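Asks: Got a structure for you, run.txt, holding compact mmCIF, C-alpha atoms.
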# COMPACT_ATOMS: atom_id res chain seq x y z
CA MET A 1 51.79 105.82 108.35
CA HIS A 2 54.44 103.49 109.78
CA SER A 3 56.65 101.40 107.52
CA SER A 4 56.46 97.62 107.91
CA PRO A 5 59.31 95.55 109.38
CA ARG A 6 59.72 93.90 105.96
CA SER A 7 60.16 97.23 104.16
CA ASN A 8 62.58 98.38 106.86
CA LEU A 9 64.70 95.27 106.30
CA LEU A 10 64.53 95.81 102.55
CA ILE A 11 65.85 99.35 102.93
CA SER A 12 68.51 98.15 105.39
CA GLY A 13 69.62 95.42 102.99
CA LEU A 14 69.88 97.71 99.99
CA LEU A 15 71.74 100.36 101.97
CA PHE A 16 74.11 97.73 103.39
CA ALA A 17 74.97 96.40 99.91
CA MET A 18 75.48 99.91 98.54
CA LEU A 19 77.78 100.96 101.38
CA TRP A 20 79.70 97.69 101.73
CA ALA A 21 80.43 97.64 97.99
CA SER A 22 81.86 101.17 98.16
CA ALA A 23 84.84 100.08 100.30
CA SER A 24 86.93 99.02 97.29
CA VAL A 25 86.44 102.32 95.45
CA ALA A 26 87.15 104.36 98.59
CA THR A 27 90.34 102.34 99.14
CA LYS A 28 91.33 102.82 95.50
CA PHE A 29 91.06 106.60 95.90
CA GLY A 30 93.04 106.44 99.14
CA VAL A 31 96.00 104.52 97.71
CA GLN A 32 96.37 107.17 95.01
CA SER A 33 97.46 109.59 97.73
CA ALA A 34 99.19 107.29 100.20
CA ALA A 35 101.04 104.00 100.39
CA PRO A 36 98.53 101.18 101.04
CA LEU A 37 99.87 100.33 104.51
CA VAL A 38 99.78 103.98 105.57
CA LEU A 39 96.10 104.16 104.59
CA ALA A 40 95.37 100.92 106.47
CA THR A 41 97.28 101.95 109.62
CA VAL A 42 95.65 105.37 109.91
CA ARG A 43 92.21 103.88 109.34
CA PHE A 44 92.66 101.15 111.96
CA LEU A 45 94.06 103.39 114.68
CA ILE A 46 91.37 106.06 114.26
CA ALA A 47 88.47 103.62 113.89
CA GLY A 48 89.57 101.39 116.79
CA GLY A 49 90.26 104.33 119.08
CA GLY A 50 86.93 105.92 118.17
CA MET A 51 84.91 102.78 118.90
CA LEU A 52 86.61 102.29 122.25
CA LEU A 53 86.02 105.95 123.11
CA VAL A 54 82.31 105.42 122.54
CA ALA A 55 82.31 102.08 124.39
CA TYR A 56 84.07 103.29 127.53
CA VAL A 57 83.46 107.04 127.74
CA PHE A 58 80.02 107.65 126.24
CA GLN A 59 78.27 104.33 126.97
CA LYS A 60 79.87 103.54 130.35
CA GLY A 61 79.72 100.17 132.05
CA ASN A 62 81.28 98.11 129.26
CA PRO A 63 83.76 95.51 130.56
CA MET A 64 87.47 95.42 129.78
CA PRO A 65 88.98 92.24 128.30
CA VAL A 66 90.58 89.96 130.89
CA GLY A 67 92.86 86.93 130.86
CA ALA A 68 92.59 84.74 127.77
CA GLU A 69 90.33 87.31 126.08
CA TRP A 70 93.41 89.41 125.26
CA LYS A 71 94.99 86.46 123.43
CA ARG A 72 91.77 85.75 121.52
CA LEU A 73 91.36 89.41 120.57
CA THR A 74 94.97 89.60 119.36
CA ILE A 75 94.68 86.50 117.17
CA PHE A 76 91.32 87.70 115.84
CA ALA A 77 92.77 91.17 115.18
CA ALA A 78 95.78 89.75 113.33
CA LEU A 79 93.56 87.68 111.02
CA ASN A 80 90.56 90.00 110.66
CA THR A 81 92.31 93.38 110.49
CA THR A 82 96.11 93.30 110.15
CA ILE A 83 96.42 90.54 107.55
CA TYR A 84 93.03 90.73 105.81
CA LEU A 85 92.71 94.48 105.37
CA GLY A 86 96.47 94.98 105.10
CA LEU A 87 96.61 92.58 102.15
CA PHE A 88 93.36 93.99 100.73
CA VAL A 89 94.72 97.54 100.43
CA LEU A 90 97.99 96.19 99.00
CA ALA A 91 96.04 94.22 96.39
CA LEU A 92 93.99 97.25 95.35
CA LYS A 93 97.21 98.96 94.30
CA GLN A 94 97.39 96.31 91.56
CA VAL A 95 93.76 95.23 91.08
CA SER A 96 90.66 97.14 89.99
CA ALA A 97 88.11 98.23 92.57
CA GLY A 98 85.48 96.13 90.80
CA ILE A 99 87.51 92.95 91.21
CA GLY A 100 88.09 93.86 94.86
CA SER A 101 84.36 94.15 95.43
CA LEU A 102 83.68 90.91 93.55
CA SER A 103 86.23 89.00 95.63
CA THR A 104 84.64 90.23 98.87
CA ALA A 105 81.39 88.52 97.88
CA THR A 106 83.18 85.13 97.87
CA ASN A 107 83.84 85.30 101.64
CA PRO A 108 80.89 83.06 102.61
CA LEU A 109 82.25 80.35 100.31
CA PHE A 110 85.72 80.41 101.88
CA ILE A 111 84.16 80.46 105.35
CA THR A 112 82.22 77.31 104.46
CA LEU A 113 85.42 75.61 103.30
CA MET A 114 87.38 76.56 106.42
CA SER A 115 84.52 75.51 108.68
CA ALA A 116 84.75 72.07 107.12
CA VAL A 117 88.53 71.93 107.69
CA PHE A 118 88.86 73.43 111.18
CA LEU A 119 85.45 72.87 112.77
CA ARG A 120 84.95 69.38 111.27
CA ARG A 121 81.73 70.52 109.65
CA PRO A 122 80.70 68.25 106.72
CA LEU A 123 81.23 69.91 103.32
CA HIS A 124 78.28 69.39 100.96
CA TRP A 125 78.94 69.01 97.26
CA ARG A 126 76.87 72.14 96.58
CA GLU A 127 79.13 74.17 98.86
CA ALA A 128 82.28 72.85 97.17
CA GLY A 129 80.72 73.53 93.78
CA GLY A 130 79.74 77.02 94.89
CA LEU A 131 83.31 77.77 95.97
CA GLY A 132 84.60 76.53 92.61
CA LEU A 133 82.12 78.67 90.68
CA GLY A 134 83.02 81.71 92.77
CA LEU A 135 86.75 81.37 92.11
CA ILE A 136 86.17 80.77 88.41
CA GLY A 137 83.93 83.85 88.31
CA VAL A 138 86.62 86.10 89.80
CA CYS A 139 89.18 84.74 87.30
CA VAL A 140 86.81 85.25 84.36
CA ALA A 141 86.04 88.84 85.39
CA ALA A 142 89.75 89.59 85.90
CA TYR A 143 91.02 87.91 82.70
CA PRO A 144 90.60 90.83 80.25
CA LEU A 145 91.94 93.29 82.85
CA LEU A 146 95.33 91.56 83.18
CA GLY A 147 96.65 93.17 80.01
CA GLN A 148 95.08 96.59 80.59
CA ALA A 149 96.85 97.74 83.76
CA TYR A 150 93.67 97.06 85.79
CA ALA A 151 94.90 93.81 87.37
CA THR A 152 98.05 91.75 87.88
CA VAL A 153 98.51 88.10 88.79
CA GLU A 154 100.43 89.19 91.89
CA GLY A 155 97.55 91.47 92.91
CA LEU A 156 95.03 88.66 92.49
CA LEU A 157 97.15 86.30 94.63
CA ILE A 158 97.42 88.96 97.37
CA LEU A 159 93.65 89.39 97.16
CA LEU A 160 93.19 85.62 97.54
CA GLY A 161 95.38 85.71 100.66
CA SER A 162 93.21 88.45 102.15
CA MET A 163 90.03 86.44 101.53
CA LEU A 164 91.56 83.37 103.19
CA SER A 165 92.59 85.47 106.20
CA ILE A 166 89.15 86.99 106.87
CA SER A 167 87.54 83.59 106.42
CA ALA A 168 89.95 82.11 108.97
CA ALA A 169 89.13 85.02 111.29
CA THR A 170 85.40 84.31 111.03
CA VAL A 171 85.89 80.62 111.80
CA TYR A 172 88.19 81.47 114.73
CA TYR A 173 85.65 83.95 116.11
CA ALA A 174 82.90 81.31 115.95
CA ARG A 175 84.89 78.93 118.17
CA PHE A 176 84.27 80.96 121.33
CA ASN A 177 81.36 82.29 123.37
CA TRP A 178 82.39 85.91 123.71
CA ARG A 179 81.49 87.71 126.95
CA LEU A 180 82.30 91.13 125.55
CA PRO A 181 79.76 93.30 123.64
CA ASN A 182 80.19 93.61 119.85
CA LEU A 183 81.33 97.24 120.05
CA VAL A 184 84.06 96.38 122.57
CA ILE A 185 85.26 93.38 120.52
CA ASN A 186 85.35 95.38 117.30
CA GLY A 187 87.01 98.36 118.93
CA TRP A 188 89.82 96.34 120.48
CA GLN A 189 90.41 94.09 117.48
CA VAL A 190 90.63 97.05 115.08
CA LEU A 191 92.94 99.01 117.42
CA ILE A 192 95.14 95.96 118.09
CA GLY A 193 95.20 95.26 114.35
CA GLY A 194 96.42 98.82 113.78
CA LEU A 195 99.12 98.47 116.43
CA LEU A 196 100.30 95.18 114.90
CA ILE A 197 100.59 96.67 111.41
CA LEU A 198 102.21 99.92 112.60
CA PRO A 199 105.83 98.61 112.88
CA ILE A 200 105.50 96.91 109.48
CA THR A 201 104.34 100.20 107.97
CA LEU A 202 107.16 102.17 109.60
CA LEU A 203 109.82 99.67 108.49
CA THR A 204 108.66 99.19 104.88
CA THR A 205 107.08 102.50 103.86
CA ASP A 206 108.51 105.94 103.11
CA ILE A 207 106.03 108.02 105.12
CA SER A 208 107.44 111.28 103.69
CA ALA A 209 106.24 110.24 100.23
CA THR A 210 102.63 110.14 101.44
CA THR A 211 100.34 113.01 100.51
CA PHE A 212 97.95 113.62 103.40
CA ASP A 213 95.59 115.57 101.15
CA GLY A 214 91.83 115.94 101.05
CA GLN A 215 91.42 112.79 98.96
CA PHE A 216 93.35 110.73 101.53
CA TRP A 217 91.30 111.97 104.49
CA ALA A 218 88.03 111.65 102.54
CA SER A 219 88.92 108.01 101.84
CA VAL A 220 89.75 107.37 105.51
CA ALA A 221 86.55 109.08 106.67
CA TRP A 222 84.39 107.08 104.26
CA LEU A 223 86.01 103.76 105.19
CA ILE A 224 85.52 104.48 108.90
CA GLY A 225 82.02 106.04 108.88
CA PRO A 226 79.74 104.64 106.16
CA VAL A 227 81.64 101.35 105.76
CA SER A 228 83.01 100.30 109.18
CA VAL A 229 80.27 101.85 111.32
CA VAL A 230 77.02 102.23 109.35
CA ALA A 231 77.30 99.19 107.05
CA LEU A 232 78.33 96.86 109.89
CA GLN A 233 75.45 98.02 112.10
CA LEU A 234 73.06 97.35 109.21
CA TRP A 235 74.65 93.92 108.75
CA PHE A 236 74.17 93.02 112.43
CA ARG A 237 70.51 94.08 112.14
CA LEU A 238 69.99 91.89 109.06
CA VAL A 239 71.71 88.90 110.70
CA ARG A 240 69.57 89.23 113.84
CA ALA A 241 66.43 89.23 111.70
CA ASP A 242 67.41 86.23 109.53
CA ALA A 243 71.01 85.05 109.10
CA VAL A 244 70.29 83.08 105.92
CA LYS A 245 68.44 85.90 104.17
CA ALA A 246 71.05 88.41 105.34
CA SER A 247 73.78 86.66 103.35
CA LEU A 248 71.73 87.05 100.18
CA TRP A 249 72.41 90.79 100.24
CA LEU A 250 76.06 89.99 99.50
CA PHE A 251 74.86 89.04 96.00
CA LEU A 252 74.25 92.72 95.24
CA CYS A 253 77.69 93.91 96.35
CA PRO A 254 79.55 92.98 93.12
CA ILE A 255 76.88 94.72 91.04
CA PHE A 256 77.17 97.95 93.02
CA GLY A 257 80.96 97.56 93.13
CA PHE A 258 81.39 97.37 89.37
CA ALA A 259 78.93 100.26 88.89
CA TYR A 260 80.94 102.45 91.30
CA SER A 261 84.27 101.51 89.74
CA SER A 262 82.98 102.28 86.26
CA LEU A 263 81.30 105.59 87.12
CA LEU A 264 83.94 106.94 89.53
CA LEU A 265 87.17 105.38 88.30
CA GLY A 266 86.44 104.69 84.62
CA GLU A 267 87.16 100.98 84.96
CA PRO A 268 85.75 98.92 82.07
CA ILE A 269 82.68 96.70 82.30
CA THR A 270 82.89 93.95 79.69
CA LEU A 271 81.10 90.74 78.83
CA TYR A 272 83.71 88.99 80.98
CA THR A 273 82.74 91.24 83.89
CA ILE A 274 79.07 90.32 83.57
CA LEU A 275 79.78 86.60 83.10
CA GLY A 276 82.21 86.53 86.04
CA THR A 277 79.72 88.31 88.31
CA LEU A 278 76.97 85.87 87.32
CA LEU A 279 79.27 82.93 88.15
CA VAL A 280 80.08 84.37 91.58
CA VAL A 281 76.41 85.06 92.32
CA GLY A 282 75.53 81.57 91.09
CA GLY A 283 78.21 80.07 93.31
CA LEU A 284 76.89 81.96 96.33
CA GLY A 285 73.36 80.82 95.55
CA LEU A 286 74.45 77.19 95.15
CA GLY A 287 76.37 77.26 98.43
CA ARG A 288 73.49 78.91 100.31
CA GLN A 289 70.97 76.27 99.15
CA THR A 290 72.56 73.69 101.41
CA ARG A 291 72.97 76.01 104.39
CA ALA A 292 69.38 77.20 104.09
CA ALA A 293 68.23 73.61 104.26
CA THR A 294 70.40 72.72 107.25
CA ASP A 295 70.38 75.96 109.34
Let's see the structure in the file written out as C-alpha cells.

Replies:
Amino acid sequence: MHSSPRSNLLISGLLFAMLWASASVATKFGVQSAAPLVLATVRFLIAGGGMLLVAYVFQKGNPMPVGAEWKRLTIFAALNTTIYLGLFVLALKQVSAGIGSLSTATNPLFITLMSAVFLRRPLHWREAGGLGLGLIGVCVAAYPLLGQAYATVEGLLILLGSMLSISAATVYYARFNWRLPNLVINGWQVLIGGLLILPITLLTTDISATTFDGQFWASVAWLIGPVSVVALQLWFRLVRADAVKASLWLFLCPIFGFAYSSLLLGEPITLYTILGTLLVVGGLGLGRQTRAATD
C-alpha cells in the first residue's frame, strides 16, 4: 500500500517542525562547551565545505559563481549566516532555548515588514498587527525568565538583531533571479559566512578556553545534519508543494522548542510561556490571512 501525497506532506511537515525547533537546544548544549562564536565558526566552515564537496565532487556539472554573483553571495552570506547565526548563538548564551525557538517563528512577520520597506510592497493592517502580536508574545514568554537566569534584556536585544538580519537576508535574496542551484548557493553562502566570522572569532575569543568534547561535536553534528541538511530539504519540499501552507508548519516550532528545552534543559514552562506562544501563533495566523488571500 502506497502512502498518499497528502500524508507524505503531513509527515514531512511534522518532521520539519520537530527538527527545526531542535536548533536552539542543540546550540544551547554547544555553548556550554565552547564560546558561541567558536561553535558558529566551526559549524559554518564544515557545513559549507561539505555542501560544496557534494555539489562539485559527487554531483558534477554544477556551475561556479561568476561576476556579480560573488558580490550577491557575500552580502547574502553576511546577513544570512555571519550576522544572523552569529548573533543567534551569542544570544543563546543569555537566553533560554525555548525563547530562541519562539523568536525564530516570528521570522515571517519581520520578512513581511522588510518587504514593505525595501520592496515597496503594501503592508496590510493584519500583517502589522501580526508583527505586533508576535513581538508582544516573545516579551510575555520571556518576562518571568528575566529574573531567573534564563534570559537577559541584552540577550533579547541580540536575538532581535538576529531576527532582523535573517529577514533582511530573505528580502535581499528575493530581489534576484539566481542562476545557481540551491545547493551551490547554500554551500557558498555558508562557507563565505564562516570565513567572514573567522577573523572576528580569532580576535575576540580565547580558543584555548574551548572544550572540544563530545558534547561540542554532537552539537555541531546535529546542527549540520538534521537541522541544516534534513530540515531545509523538507522545507524546500513543503514550499514547492504549497508555499502558504508550508509556512503554517512554523506554528508548531515554538511548541516543540519549549518541550525540548523543558525536557532536556530543565527550563520552566509557565502560564506566561503558554500565553506568549499563543500570541506568537496568533500573530503568525493573522499575518498569513492576508498573504493567503493575495498570493

Asks: Using all atoms listed in the file, which residues sit within 9 Å of A:Ala142 once same-chain residues fewer than 6 positions away are excluded, as a PyMOL selection string?

Replies: chain A and resi 95-96+99+150-152+156+272-273+276

Asks: For a test of reading the model, state the distance in Å between atom CA of A:Val280 and atom CA of A:Ala17, rounded to one decimal.

Replies: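 Spanning atom CA of A:Val280 to atom CA of A:Ala17 is a straight-line distance of 15.5 Å.
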
Asks: Find the residues around A:Leu14 up to 12 Å (all atoms listed in the file counted), leave out those fewer than 6 positions away in its own chain, and share them as a compact mmCIF listing (two decimals) with C-alpha atoms, in the coordinates of the input.

Replies:
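Okay, this is what ended up in out_18.txt:
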# COMPACT_ATOMS: atom_id res chain seq x y z
CA SER A 7 60.16 97.23 104.16
CA ASN A 8 62.58 98.38 106.86
CA TRP A 20 79.70 97.69 101.73
CA ALA A 21 80.43 97.64 97.99
CA ALA A 231 77.30 99.19 107.05
CA LEU A 234 73.06 97.35 109.21
CA TRP A 235 74.65 93.92 108.75
CA LEU A 238 69.99 91.89 109.06
CA ALA A 246 71.05 88.41 105.34
CA LEU A 248 71.73 87.05 100.18
CA TRP A 249 72.41 90.79 100.24
CA LEU A 250 76.06 89.99 99.50
CA PHE A 251 74.86 89.04 96.00
CA LEU A 252 74.25 92.72 95.24
CA CYS A 253 77.69 93.91 96.35
CA ILE A 255 76.88 94.72 91.04
CA PHE A 256 77.17 97.95 93.02

Asks: For the atom pair atom CA of A:Ala26 and atom CA of A:Gly50, what is the interatomic distance in Å to one decimal place?

Replies: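 These two atoms are separated by 19.6 Å.
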
Asks: Given the choices A:Tyr143, A:Trp222, A:Phe76, A:Phe236, which gets closest to A:Thr27 if the distance is worked out from all atoms listed in the file?

Replies: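 Closest residue, counting all atoms listed in the file: A:Trp222.
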
Asks: Env of stretch 67-70 of chain A: 9 Å cut, atoms = only C-alpha atoms, seq-sep filter 3 positions within chain, self excluded. Answer as a ChimeraX atom specification.

Replies: /A:73-75,178-180

Asks: How far is it from atom CA of A:Gly30 to atom CA of A:Tyr173, in Å with one decimal?

Replies: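 Between these atoms lies a distance of 29.1 Å.
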